[in-house]
>>> print(open('target_14.cif').read())   # mmCIF, C-alpha atoms
data_coords
#
loop_
_atom_site.label_atom_id
_atom_site.label_comp_id
_atom_site.auth_asym_id
_atom_site.auth_seq_id
_atom_site.Cartn_x
_atom_site.Cartn_y
_atom_site.Cartn_z
CA MET B 1 31.99 -14.17 7.29
CA ARG B 2 34.61 -16.76 6.41
CA GLN B 3 31.88 -19.07 5.03
CA LEU B 4 30.75 -16.24 2.73
CA GLY B 5 34.24 -15.55 1.41
CA TRP B 6 34.82 -12.40 3.51
CA PRO B 7 32.49 -10.06 1.59
CA THR B 8 32.71 -6.30 1.88
CA LEU B 9 30.20 -5.12 4.48
CA PHE B 10 28.88 -1.66 5.20
CA CYS B 11 27.65 -2.04 8.76
CA HIS B 12 26.58 -0.10 11.77
CA SER B 13 28.88 -0.27 14.80
CA LEU B 14 28.07 -1.90 18.11
CA GLU B 15 29.52 -0.64 21.35
CA ASP B 16 30.19 -2.89 24.32
CA ASP B 17 31.15 -2.27 27.91
CA ALA B 18 34.13 -3.68 29.84
CA GLU B 19 32.26 -6.97 30.40
CA GLY B 20 31.47 -7.37 26.72
CA MET B 21 27.77 -6.50 27.02
CA LEU B 22 26.29 -4.51 24.15
CA VAL B 23 25.39 -1.04 25.40
CA ASP B 24 24.85 1.07 22.29
CA TYR B 25 24.96 1.17 18.53
CA HIS B 26 26.10 3.81 16.06
CA LEU B 27 24.58 4.09 12.61
CA ARG B 28 27.05 4.15 9.74
CA MET B 29 24.98 6.89 8.14
CA PRO B 30 21.50 8.35 8.60
CA ASP B 31 18.63 7.02 6.46
CA GLN B 32 20.94 4.41 4.95
CA LYS B 33 18.26 2.37 3.16
CA ARG B 34 16.86 5.35 1.25
CA GLU B 35 20.38 6.58 0.48
CA ALA B 36 21.38 3.18 -0.91
CA VAL B 37 18.36 3.20 -3.23
CA LYS B 38 19.14 6.76 -4.36
CA ARG B 39 22.72 5.83 -5.23
CA PHE B 40 21.68 2.72 -7.16
CA LYS B 41 19.20 4.86 -9.11
CA GLU B 42 22.02 7.29 -9.92
CA LEU B 43 23.76 4.32 -11.55
CA ASN B 44 20.60 3.78 -13.67
CA PHE B 45 19.43 0.68 -11.82
CA LYS B 46 15.70 0.06 -11.61
CA ILE B 47 14.95 -0.54 -7.94
CA VAL B 48 12.10 -2.47 -6.38
CA ALA B 49 12.26 -2.68 -2.60
CA ALA B 50 10.37 -4.70 -0.03
CA GLY B 51 10.13 -4.08 3.68
CA ASP B 52 7.95 -4.76 6.66
CA SER B 53 8.09 -1.76 8.96
CA TYR B 54 8.36 1.99 9.46
CA ASN B 55 12.13 1.93 9.09
CA ASP B 56 11.65 0.68 5.50
CA THR B 57 9.11 3.23 4.26
CA ALA B 58 11.61 5.89 3.15
CA MET B 59 13.38 3.23 1.09
CA LEU B 60 10.08 2.03 -0.40
CA GLY B 61 9.19 5.58 -1.36
CA GLU B 62 12.55 6.18 -3.02
CA ALA B 63 12.43 2.97 -5.06
CA HIS B 64 10.73 2.67 -8.45
CA GLY B 65 8.41 0.22 -6.72
CA GLY B 66 7.83 -0.41 -3.04
CA ILE B 67 6.14 -3.44 -1.45
CA LEU B 68 5.15 -4.14 2.14
CA PHE B 69 5.97 -7.74 3.03
CA HIS B 70 4.02 -9.14 5.96
CA PRO B 71 3.82 -5.80 7.83
CA PRO B 72 1.87 -5.11 11.02
CA GLU B 73 -1.64 -3.69 10.63
CA ASN B 74 -0.68 -0.17 11.73
CA VAL B 75 1.91 0.07 8.93
CA ILE B 76 -0.65 -1.17 6.40
CA ARG B 77 -3.10 1.53 7.53
CA GLU B 78 -0.53 4.32 7.50
CA PHE B 79 1.04 3.46 4.13
CA PRO B 80 -1.82 2.46 1.82
CA GLN B 81 0.16 3.49 -1.27
CA TYR B 82 2.18 0.24 -1.11
CA PRO B 83 0.85 -3.17 -2.08
CA VAL B 84 0.82 -5.65 0.81
CA VAL B 85 1.88 -9.26 0.40
CA LEU B 86 1.92 -12.02 2.99
CA ASN B 87 3.87 -14.80 1.28
CA TYR B 88 6.81 -15.28 -1.05
CA ASP B 89 4.78 -16.25 -4.11
CA ASP B 90 2.79 -13.01 -3.90
CA LEU B 91 6.00 -11.07 -3.24
CA ARG B 92 7.53 -12.47 -6.43
CA SER B 93 4.41 -11.48 -8.35
CA GLU B 94 4.48 -7.91 -7.00
CA ILE B 95 8.19 -7.60 -7.74
CA ASP B 96 7.53 -8.62 -11.34
CA LYS B 97 4.65 -6.13 -11.63
CA ALA B 98 6.75 -3.31 -10.18
CA PHE B 99 9.64 -3.97 -12.57
CA ALA B 100 7.23 -4.06 -15.50
CA LYS B 101 5.92 -0.61 -14.52
CA ALA B 102 9.46 0.73 -14.03
CA ALA B 103 10.68 -0.41 -17.45
#
>>> encode(input="target_14.cif", output="structure tokens")
Amino acid sequence: MRQLGWPTLFCHSLEDDAEGMLVDYHLRMPDQKREAVKRFKELNFKIVAAGDSYNDTAMLGEAHGGILFHPPENVIREFPQYPVVLNYDDLRSEIDKAFAKAA
């Protein structure tokens, strides 16, 4: 974090045992990605989100535009409402399209 200038972080917590092995984790808050998008929208931000897995789909649904970026086939099948991109150039294009629709 020193190299990044000690930014403010909102993180989950990791739990270790007496030997220093990670044994558990504790979420800072439930459904944190969707909640973050909701709060940014409350501040009148237009939000376009990209994700690759199930744990991103609530966030994608909450955003003004959601994009699946290089997801596994089962996620593509189960969430056909989101455009699928497989490279950064196509991601940039979908982001631009989503912001144009959200304007």
>>> closest_residue(input="target_14.cif", among="B:Met59, B:Ile67, B:Phe45, B:Glu78", to="Ala102 of chain B", atoms="all atoms listed in the file")
B:Phe45
>>> resolve_selection(input="target_14.cif", expression="the PyMOL selection byres ((chain B and resi 15) around 6)", output="CSV table (one decimal) with C-alpha atoms, in the coordinates of the input")
chain,number,residue,atom,x,y,z
B,14,LEU,CA,28.1,-1.9,18.1
B,16,ASP,CA,30.2,-2.9,24.3
B,22,LEU,CA,26.3,-4.5,24.2
B,23,VAL,CA,25.4,-1.0,25.4
B,24,ASP,CA,24.8,1.1,22.3
B,25,TYR,CA,25.0,1.2,18.5
>>> residues_near_point(input="target_14.cif", point="(7.1, -5.6, -6.5)", cutoff="12 Å", atoms="only C-alpha atoms", output="number ranges by chain")
B: 46-51, 60, 63-69, 82-85, 88-102
>>> closest_residue(input="target_14.cif", among="B:Tyr54, B:Phe10, B:Phe79, B:Phe40", to="Leu27 of chain B", atoms="all atoms listed in the file")
B:Phe10
>>> resolve_selection(input="target_14.cif", expression="the PyMOL selection byres ((chain B and resi 31) around 12)", output="mmCIF file with C-alpha atoms, in the coordinates of the input")
data_model
loop_
_atom_site.group_PDB
_atom_site.id
_atom_site.type_symbol
_atom_site.label_atom_id
_atom_site.label_comp_id
_atom_site.auth_asym_id
_atom_site.auth_seq_id
_atom_site.Cartn_x
_atom_site.Cartn_y
_atom_site.Cartn_z
ATOM 1 C CA HIS B 12 26.580 -0.100 11.770
ATOM 2 C CA LEU B 27 24.580 4.090 12.610
ATOM 3 C CA ARG B 28 27.050 4.150 9.740
ATOM 4 C CA MET B 29 24.980 6.890 8.140
ATOM 5 C CA PRO B 30 21.500 8.350 8.600
ATOM 6 C CA GLN B 32 20.940 4.410 4.950
ATOM 7 C CA LYS B 33 18.260 2.370 3.160
ATOM 8 C CA ARG B 34 16.860 5.350 1.250
ATOM 9 C CA GLU B 35 20.380 6.580 0.480
ATOM 10 C CA ALA B 36 21.380 3.180 -0.910
ATOM 11 C CA VAL B 37 18.360 3.200 -3.230
ATOM 12 C CA LYS B 38 19.140 6.760 -4.360
ATOM 13 C CA TYR B 54 8.360 1.990 9.460
ATOM 14 C CA ASN B 55 12.130 1.930 9.090
ATOM 15 C CA ASP B 56 11.650 0.680 5.500
ATOM 16 C CA THR B 57 9.110 3.230 4.260
ATOM 17 C CA ALA B 58 11.610 5.890 3.150
ATOM 18 C CA MET B 59 13.380 3.230 1.090
ATOM 19 C CA GLU B 62 12.550 6.180 -3.020
#
>>> atom_distance(input="target_14.cif", atom1="atom CA of Asp52 of chain B", atom2="atom CA of Val75 of chain B")
8.1 Å
>>> closest_residue(input="target_14.cif", among="B:Lys41, B:Arg2, B:Arg77, B:His26", to="Ser53 of chain B", atoms="all atoms listed in the file")
B:Arg77
